[in-house]
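Trainee: Encoded as structure tokens, here's the structure I'll be asking about.
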Amino acid sequence: MTEVDVPQTRPPEPLSIHIVKASNLKLTKIDNGQRPSSGTSKGTKGDNVQITVKVEFGEKVLGESPKVDCVPDTPAEIDYTATLNCSFEDPLVLDEISYKPVVLTVTEVLPKEKKQKEEKTAQLGQCTVDLLPLVKGATKHHYNLVINPLPGSPLETIPPEGPKPEMEVVISVQESLLEGTQIDQGNLMTLTIESLYSTPESWTMTGSQYAYAAALPIPMSADKETPVVFANGALKPSIDKEPPNRQKKWAVPGSAQGNSIYIPESFLPPDNIDDEDGEFKSKDDREHRHTAETEKLRVSWNTERRCYLDSLATKSFQDKIAKCRYWPVEVMRLPQPAAAKGKKSQNANTVDDEGSISYHGVAFVNLAPLLYPGVKRIRGAYKVHAYTDHAMHEKTKRKTGFGEEAGKIAFNILNRNSASPFPKKAGKEGGEKKEKEVKKGRSMSIAQHQQANPTPGGPGGQAPTEASQTIKSDTGSEMEGQPPVNVEGQQYVDAKAYVMLEISLTRPLIPKRPPEELARRVAEYIPPRPLFPKRTDGAQRAVEDFHNQVGSVANLILDEFRDQFGDLLKVDDEPQTVEAMESRRQKLIYELNSSGKYFAFKEQLKYAVVKIVREKYLKTSAFEDRQELQTFLSELYVYLIDQMHVALGKFLALEDQAPIPKPLTDSAQLKHFAREAEVNGNYELATKYYQERIARNRNDPSHWFDYGTFCLYINDITKAEECFKECIAIDQKHLQGLLLYGVVCTLSERNEAAETFFEAATCVDPKSILAWTMLGLFYDAVNNEIGAEMAYLEANKLNQAAAVAEAKALRDDDVTKERLARGEHESEDKEVDHDQGGLAPPSVPDIKQPSPPSSDKPPTSARSGKGSVSDTRRMSASKRSVRIAKGSKIKTESSTSRPGSHYKMGSQRGTPQPAEETEEPPIREPTPVPRCSIYMQTIEWLIEVKAVPFTERALAHELLSPMGGPTSGYHINYARLKLQKKEYKEAENSLDEALQFDYQNPDAWALMGHVKYMTNDVEASRDCYERTISFTSDAAEMHSIYLRLASIYLQEEKFSNAKNTFLMACKRSPSCVSWLGVGIACYRLGELAESEDALSEANILNNTDPEVWGYLSLVCLKTGRQLEAEQAYKYALKLNLSDYDLLTEIQHVQQDVGFGNPEF
């Protein structure tokens, strides 16, 4: 087994740091051994000054370049290479390279005096080299790094506008540090702890000062985690504002000082609060955040730590998030370490202070967004809770945290940094380097590859025991029946403290399928249908093309004949003689030959003849035998003549046919008729209308989609699937078709295909609330909680954005109206100004005291024309004062985005400017609230398309939604669902609940009428329908209400009311049923002429309705038209009139009048 494993260990890879040159260096001026502050590189011993560059990695010195002469205004060619052997025996070696920089220190070598034994040196500056590109798989990377001056260096005197000293560095490896599997399966995590805001009130800048640390566990392998500690947090006052572009610091800067502790070209992003993933995002929380970030103390880290995760660690990290989405980030306060006083005293202090952490808190970071497809980064504000083992186990399923170990790690880091910013020498170097690596929770130096545990500085065993007791005293005693208490940690909760942090990955844990791949998968499931059928070049096709060409040439010849002899034939009415016809034929042939048209016609037919030869007779090569050629030509000639006569016969026959009349109904009317038949329960007629729409235009995807929804309603899943397939085949980006095909696949338990179509819908329209909500409902159906959370979150963002856009549009309309109104009174204001002269008080409106944001007045927009700002502007005395007011408003708004508050959506309260003390600050506009939740929007669509299982799931979400709940809209849609399922009792109960919320809701009363109608409670349904049409606002669907109410009137023999109600239905959306109702009502009223007109309209819209023919027969019998009565009666019988009462009535009238039945 060992012999197999040995070849798998990769030999050490030398990592080269090549320093090319340094430029723009400003060196110390030498004058008789004295050192003025700075100057050019001139001295008594020559103008050349020597420099060296020391290369360090962590606490190990990799080498120092030889002395290089440096001449003013000329780059110093250093050309030195240091090598770092990267051994792969330690699996965590890549991690160490990722977060530790190579520190380059530029040192000036001063000229040696006569009596001076050793050379003096002066450190000029430092720069840090980031090895991260090599960890990402690169083999070479080029840097131009700015050399940051050290304290007292001549580089400090360089003016800001002057050229900055730079160093050109190239890092390289012979072979990539990452192999193929490591690139594909490994990951690089970047942890950034920014700041802790809203600190406890007991923390002050005076008195004893403390250090602050944060820690969180990171998986190192499949079964091991190690804490990563950020130890250098500093308490800062509110007046010490953060710069606009905060630069990140190195987690382990090594010997770097000054500005070299910052990572080059790495800044904290100024994200919008709406784009964050954490907590504290509501309106009240934004006010709190603005106050905490501008007026209170904060603890600042601004530190970045990279962690390389191999494939096993990445899989472990993903599994732990899926098991428990919350990840602990512990914060704590530590005592400041004393200055180094010797080894003995330092060890004694370490024993006393290692475990003395206080204010132990924990933030539970929801890492579930990292399991969203394609997500690589989360950032946000996370609430800090009081740390207890009970809370830790409840939220993260971990028995305990890393507070004890992290406290010792952080204390040791701080203790070493306070003693000396530089690495220890000789024997101390190895031990302390080893200790530091373990403290950071990672591997040791690349030069050493063995695990070690952090050991206390004092006698064995004492420090861990004391630390444990200290932490337990913080977390409190966990007595039976009592929750644990952390008094100090509770202050975080009371202060509403939160920590800003960011976690990012180079590769998403769950890759997102690109739109191209989804489109390809959809095309694999349902191949797209071409707009036009493919041409087939078979024999039959060749003959058809010949027929078409013959018809085309015949048409051209006929046009030529009419041009020449058309006028003569119109004038000459005598019979045509044979001689005259022959004369015209010869003239026509002569004209065709002389004009070249005969040759053009021959060329037109030539290609069609060639196709017949090739496709029909399969002749593609030249004939060798002349006799065979003649035989073939004779046969071909006979065949072509026969086919010419066939084509001419078709052509001449088409000329004699009457044109096909256009249909009287269009696609929209047919859809309306189908929906009407569907509501009336006549599914056979509805199917006929849907199929007729498809027959008229098979290439319209909406026709297939509508028929598919009908099939879904009647539970014909197979036919519904075929319809949605046809819809997508015609249009691969048909959003609703993709969604409903996904629904059908879900009903058939083909979840993989369903997910593909739902995801494809979100790619077709990424801003569709419906698509994302449907994807979430699907993930709910397959128990993918994290996927559902991601989809709902995206849908809610889009819903909020739509509300903001709608509110903005309304505000813009108000502003336009306000400007128009202000423009009408502008001339009057000018006249008033001229009358008052210099005594005009233009500043009176401007000195109005601003109302605080917490005023009891309703919130108004500063631009809406209804608030005090708008009134003030209308009261301004001149156009100039109006411009001043506008300018000051813009300035006030822009002042809120100064450094110190990086969130544009935050509170508008800022420090007032002295020049604007009399100007009213802009009133914070209320955050627009969407009109309804994402679930309600989806429910309405799902009910429309009859997707019952998804509707039930969406209704359950709406019931639990913060924006939803058991509202009137919820109960109405629940009743609509139950009506589709024909569960009338539950529908009635739900409508009773809806009417308790809104007793004047027309939709609720309409649905109640439908419920009563379907349960044969005629009187109750009539009352509900009458109440519905009496409201000032109509219900969503009025056509069915009119039809059913009018049919009730017919049953109750209220024919006048029935006629008027049917006419109302005809006015809104005429149909065969509505005109039939008018005809019946008029017939019963004795208005036979109006009845015949109405029945004729019904017959035009649908000439296959037997009831229409039956009543037409009655009208004709009453008016004495025997033939028409008999024809109408025969059509009624032919179409299977099934109304027994109507048949009996017709037969009685026939007997009374004595005709109408051919059987008499």
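In the structure tokens, each chain is lettered A, B, ... as it comes, each chain's residues begin at 1, and ligands are numbered from 1 in order of appearance.
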Just want the 10 Å neighbourhood of Lys725 of chain A, counted on only C-alpha atoms, with same-chain residues fewer than 4 positions away dropped. Output as a PyMOL selection string.

Mentor: chain A and resi 525-528+701+704-705+708+719-721+729-732+737-738+740-741

Trainee: Hey, can you spit out that residue selection with N, CA, C and O atoms as a compact mmCIF listing (two decimals), in the first residue's frame?

Mentor:
```txt
# COMPACT_ATOMS: atom_id res chain seq x y z
N TYR A 525 -35.33 17.84 -24.99
CA TYR A 525 -36.63 17.28 -24.59
C TYR A 525 -37.69 17.55 -25.66
O TYR A 525 -38.48 16.66 -26.01
N ILE A 526 -37.72 18.78 -26.17
CA ILE A 526 -38.73 19.16 -27.15
C ILE A 526 -38.00 19.85 -28.31
O ILE A 526 -37.66 21.03 -28.21
N PRO A 527 -37.71 19.15 -29.38
CA PRO A 527 -37.00 19.78 -30.50
C PRO A 527 -37.83 20.92 -31.09
O PRO A 527 -39.05 20.82 -31.22
N PRO A 528 -37.19 22.03 -31.42
CA PRO A 528 -37.95 23.16 -32.00
C PRO A 528 -38.48 22.82 -33.37
O PRO A 528 -37.84 22.10 -34.15
N PRO A 701 -48.30 29.63 -30.80
CA PRO A 701 -48.14 28.85 -29.56
C PRO A 701 -49.23 29.10 -28.54
O PRO A 701 -49.54 28.22 -27.74
N TRP A 704 -52.08 26.47 -28.78
CA TRP A 704 -51.76 25.21 -28.13
C TRP A 704 -51.76 25.35 -26.61
O TRP A 704 -52.19 24.44 -25.89
N PHE A 705 -51.26 26.49 -26.13
CA PHE A 705 -51.21 26.70 -24.69
C PHE A 705 -52.61 26.73 -24.08
O PHE A 705 -52.86 26.08 -23.05
N GLY A 708 -54.04 23.36 -23.97
CA GLY A 708 -53.38 22.58 -22.93
C GLY A 708 -53.93 22.88 -21.54
O GLY A 708 -54.11 21.98 -20.72
N LYS A 719 -52.88 14.60 -22.92
CA LYS A 719 -53.13 15.55 -24.01
C LYS A 719 -52.60 16.93 -23.66
O LYS A 719 -52.11 17.66 -24.54
N ALA A 720 -52.68 17.31 -22.38
CA ALA A 720 -52.12 18.60 -21.96
C ALA A 720 -50.62 18.65 -22.21
O ALA A 720 -50.09 19.66 -22.69
N GLU A 721 -49.93 17.56 -21.91
CA GLU A 721 -48.49 17.51 -22.15
C GLU A 721 -48.17 17.67 -23.63
O GLU A 721 -47.23 18.38 -24.01
N ALA A 729 -42.32 23.69 -28.83
CA ALA A 729 -41.67 23.39 -30.10
C ALA A 729 -41.77 24.58 -31.06
O ALA A 729 -40.83 24.86 -31.81
N ILE A 730 -42.89 25.28 -31.02
CA ILE A 730 -43.06 26.46 -31.89
C ILE A 730 -42.23 27.63 -31.35
O ILE A 730 -41.57 28.34 -32.10
N ASP A 731 -42.28 27.83 -30.05
CA ASP A 731 -41.55 28.95 -29.43
C ASP A 731 -40.80 28.41 -28.22
O ASP A 731 -41.41 28.15 -27.16
N GLN A 732 -39.48 28.25 -28.35
CA GLN A 732 -38.68 27.68 -27.28
C GLN A 732 -38.57 28.62 -26.08
O GLN A 732 -38.10 28.21 -25.02
N GLY A 737 -45.60 28.48 -21.33
CA GLY A 737 -45.53 27.10 -21.80
C GLY A 737 -44.45 26.31 -21.06
O GLY A 737 -44.66 25.15 -20.69
N LEU A 738 -43.29 26.93 -20.86
CA LEU A 738 -42.22 26.26 -20.11
C LEU A 738 -42.66 25.95 -18.69
O LEU A 738 -42.40 24.86 -18.15
N LEU A 740 -45.78 25.55 -17.48
CA LEU A 740 -46.81 24.52 -17.38
C LEU A 740 -46.30 23.16 -17.82
O LEU A 740 -46.77 22.13 -17.32
N TYR A 741 -45.33 23.12 -18.73
CA TYR A 741 -44.75 21.82 -19.02
C TYR A 741 -43.97 21.31 -17.81
O TYR A 741 -43.96 20.10 -17.53
```

Trainee: Just checking: using only C-alpha atoms, which residue out of A:Pro151, A:Pro219, A:Pro335, A:Pro244 ends up closest to Asn259 of chain A?

Mentor: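 Smallest distance to Asn259 of chain A is found for A:Pro151.
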
Trainee: Near segment 1097-1102 of chain A, within 7 Å and counting only C-alpha atoms, which residues show up once chain neighbours fewer than 2 positions away are dropped, as a VMD selection string?

Mentor: chain A and resid 1071 to 1072 1075 to 1076 1093 to 1095 1104 to 1105 1108

Trainee: Output C-alpha atoms of each residue in that selection to a file, as a CSV table (one decimal), in the first residue's frame.

Mentor:
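Below is the file result37.csv, written as the result:
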```csv
chain,number,residue,atom,x,y,z
A,1071,SER,CA,-71.8,35.0,-28.2
A,1072,CYS,CA,-74.1,32.4,-29.5
A,1075,TRP,CA,-78.0,36.0,-28.4
A,1076,LEU,CA,-79.9,32.7,-28.0
A,1093,ASP,CA,-83.0,38.8,-35.4
A,1094,ALA,CA,-81.4,37.6,-32.2
A,1095,LEU,CA,-81.5,34.0,-33.2
A,1104,THR,CA,-74.3,24.0,-35.2
A,1105,ASP,CA,-76.4,24.8,-32.1
A,1108,VAL,CA,-81.0,27.9,-32.1
```

Trainee: Contacts of Ala760 of chain A at 10 Å or less, counting only C-alpha atoms, minus same-chain residues fewer than 4 places along, as a tab-separated table (two decimals) with N, CA and C atoms, in the first residue's frame?

Mentor:
```tsv
chain	number	residue	atom	x	y	z
A	513	ARG	N	-26.49	26.26	-13.96
A	513	ARG	CA	-26.47	25.93	-15.37
A	513	ARG	C	-26.68	27.19	-16.21
A	514	PRO	N	-25.82	27.43	-17.17
A	514	PRO	CA	-25.96	28.65	-17.99
A	514	PRO	C	-27.20	28.57	-18.87
A	515	PRO	N	-27.70	29.73	-19.30
A	515	PRO	CA	-28.89	29.72	-20.16
A	515	PRO	C	-28.71	28.91	-21.43
A	516	GLU	N	-27.48	28.91	-21.96
A	516	GLU	CA	-27.27	28.15	-23.19
A	516	GLU	C	-27.48	26.66	-22.97
A	517	GLU	N	-26.99	26.16	-21.83
A	517	GLU	CA	-27.16	24.74	-21.54
A	517	GLU	C	-28.63	24.40	-21.31
A	518	LEU	N	-29.34	25.29	-20.59
A	518	LEU	CA	-30.77	25.04	-20.36
A	518	LEU	C	-31.54	25.05	-21.68
A	519	ALA	N	-31.20	25.99	-22.55
A	519	ALA	CA	-31.88	26.02	-23.85
A	519	ALA	C	-31.58	24.74	-24.64
A	520	ARG	N	-30.35	24.25	-24.53
A	520	ARG	CA	-30.01	23.01	-25.22
A	520	ARG	C	-30.77	21.83	-24.64
A	521	ARG	N	-30.90	21.81	-23.29
A	521	ARG	CA	-31.65	20.71	-22.67
A	521	ARG	C	-33.13	20.76	-23.05
A	522	VAL	N	-33.69	21.95	-23.10
A	522	VAL	CA	-35.09	22.08	-23.51
A	522	VAL	C	-35.26	21.60	-24.95
A	732	GLN	N	-39.48	28.25	-28.35
A	732	GLN	CA	-38.68	27.68	-27.28
A	732	GLN	C	-38.57	28.62	-26.08
A	733	LYS	N	-38.99	29.87	-26.22
A	733	LYS	CA	-38.93	30.84	-25.13
A	733	LYS	C	-40.31	31.26	-24.66
A	735	LEU	N	-42.69	31.57	-22.11
A	735	LEU	CA	-42.52	31.50	-20.66
A	735	LEU	C	-43.58	30.63	-20.01
A	738	LEU	N	-43.29	26.93	-20.86
A	738	LEU	CA	-42.22	26.26	-20.11
A	738	LEU	C	-42.66	25.95	-18.69
A	739	LEU	N	-43.35	26.89	-18.07
A	739	LEU	CA	-43.79	26.68	-16.69
A	739	LEU	C	-44.81	25.55	-16.60
A	742	GLY	N	-43.34	22.23	-17.07
A	742	GLY	CA	-42.71	21.83	-15.82
A	742	GLY	C	-43.72	21.31	-14.81
A	754	ALA	N	-38.58	18.50	-15.00
A	754	ALA	CA	-39.34	19.65	-14.51
A	754	ALA	C	-38.40	20.77	-14.07
A	755	GLU	N	-37.32	20.42	-13.35
A	755	GLU	CA	-36.37	21.44	-12.90
A	755	GLU	C	-35.73	22.14	-14.10
A	756	THR	N	-35.44	21.39	-15.13
A	756	THR	CA	-34.85	22.01	-16.32
A	756	THR	C	-35.78	23.05	-16.92
A	764	VAL	N	-35.27	32.63	-19.47
A	764	VAL	CA	-35.99	33.32	-20.55
A	764	VAL	C	-36.38	34.73	-20.11
A	765	ASP	N	-36.86	34.86	-18.89
A	765	ASP	CA	-37.23	36.17	-18.35
A	765	ASP	C	-36.72	36.25	-16.91
A	766	PRO	N	-35.47	36.71	-16.72
A	766	PRO	CA	-34.92	36.75	-15.36
A	766	PRO	C	-35.64	37.69	-14.42
A	771	ALA	N	-42.00	33.37	-12.77
A	771	ALA	CA	-41.06	32.28	-13.04
A	771	ALA	C	-40.31	31.88	-11.78
A	775	LEU	N	-40.56	28.34	-9.65
A	775	LEU	CA	-39.37	27.53	-9.35
A	775	LEU	C	-39.31	27.22	-7.85
```

Trainee: Could you go through segment 162-262 of chain A and tell me which residues DSSP, when run on the backbone, assigns to helix (DSSP H, G or I), listing them as a list in words?

Mentor: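 These are the residues in question: Gly180, Thr181, Gln182, Ile183, Asp184, Gln185, Gly258, Asn259, Ser260 and Ile261 of chain A.
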
Trainee: Keeping only all heavy atoms, take the residues you just selected and write them out as a short mmCIF file (atom, residue, chain, number, x, y, z; two decimals), in the first residue's frame.

Mentor:
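Saved to result_8.cif:
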```
data_model
loop_
_atom_site.label_atom_id
_atom_site.label_comp_id
_atom_site.auth_asym_id
_atom_site.auth_seq_id
_atom_site.Cartn_x
_atom_site.Cartn_y
_atom_site.Cartn_z
N GLY A 180 -5.06 19.06 -12.02
CA GLY A 180 -6.37 19.14 -12.65
C GLY A 180 -7.53 18.96 -11.70
O GLY A 180 -8.49 19.74 -11.69
N THR A 181 -7.45 17.95 -10.85
CA THR A 181 -8.55 17.71 -9.92
C THR A 181 -8.65 18.82 -8.88
O THR A 181 -9.75 19.16 -8.44
CB THR A 181 -8.35 16.36 -9.22
OG1 THR A 181 -7.06 16.35 -8.56
CG2 THR A 181 -8.41 15.23 -10.22
N GLN A 182 -7.50 19.39 -8.47
CA GLN A 182 -7.55 20.46 -7.48
C GLN A 182 -8.19 21.71 -8.06
O GLN A 182 -8.91 22.42 -7.36
CB GLN A 182 -6.12 20.78 -7.01
CG GLN A 182 -5.50 19.68 -6.17
CD GLN A 182 -4.06 20.01 -5.80
OE1 GLN A 182 -3.25 20.32 -6.67
NE2 GLN A 182 -3.75 19.93 -4.53
N ILE A 183 -7.95 21.98 -9.32
CA ILE A 183 -8.57 23.15 -9.96
C ILE A 183 -10.07 22.95 -10.08
O ILE A 183 -10.86 23.87 -9.83
CB ILE A 183 -7.93 23.41 -11.33
CG1 ILE A 183 -6.46 23.77 -11.17
CG2 ILE A 183 -8.67 24.51 -12.08
CD1 ILE A 183 -5.73 23.93 -12.49
N ASP A 184 -10.50 21.75 -10.45
CA ASP A 184 -11.92 21.49 -10.69
C ASP A 184 -12.71 21.32 -9.41
O ASP A 184 -13.88 21.71 -9.34
CB ASP A 184 -12.08 20.24 -11.56
CG ASP A 184 -11.46 20.42 -12.93
OD1 ASP A 184 -11.33 21.58 -13.36
OD2 ASP A 184 -11.08 19.41 -13.56
N GLN A 185 -12.08 20.74 -8.37
CA GLN A 185 -12.84 20.38 -7.17
C GLN A 185 -12.47 21.21 -5.95
O GLN A 185 -13.24 21.27 -5.00
CB GLN A 185 -12.61 18.90 -6.86
CG GLN A 185 -13.03 17.97 -7.98
CD GLN A 185 -12.73 16.52 -7.68
OE1 GLN A 185 -12.35 16.16 -6.57
NE2 GLN A 185 -12.89 15.66 -8.68
N GLY A 258 3.36 49.89 8.62
CA GLY A 258 2.78 51.03 7.92
C GLY A 258 1.71 50.61 6.94
O GLY A 258 0.87 49.73 7.22
N ASN A 259 1.75 51.21 5.76
CA ASN A 259 0.75 50.89 4.74
C ASN A 259 0.97 49.55 4.08
O ASN A 259 0.15 49.10 3.28
CB ASN A 259 0.73 51.99 3.67
CG ASN A 259 0.13 53.27 4.18
OD1 ASN A 259 -0.67 53.26 5.12
ND2 ASN A 259 0.51 54.39 3.58
N SER A 260 2.06 48.89 4.40
CA SER A 260 2.31 47.57 3.82
C SER A 260 1.44 46.49 4.43
O SER A 260 1.40 45.38 3.92
CB SER A 260 3.79 47.19 4.00
OG SER A 260 4.62 48.08 3.28
N ILE A 261 0.77 46.80 5.52
CA ILE A 261 -0.13 45.81 6.11
C ILE A 261 -1.41 45.68 5.29
O ILE A 261 -2.23 44.81 5.56
CB ILE A 261 -0.47 46.16 7.57
CG1 ILE A 261 -1.28 47.45 7.63
CG2 ILE A 261 0.79 46.24 8.42
CD1 ILE A 261 -1.80 47.79 9.01
#
```

Trainee: Need to verify the contact set: Ser990 of chain A, 8 Å, only C-alpha atoms, exclusion of same-chain residues closer than 5 positions in sequence. Can you return it as a count of residues only?

Mentor: 4
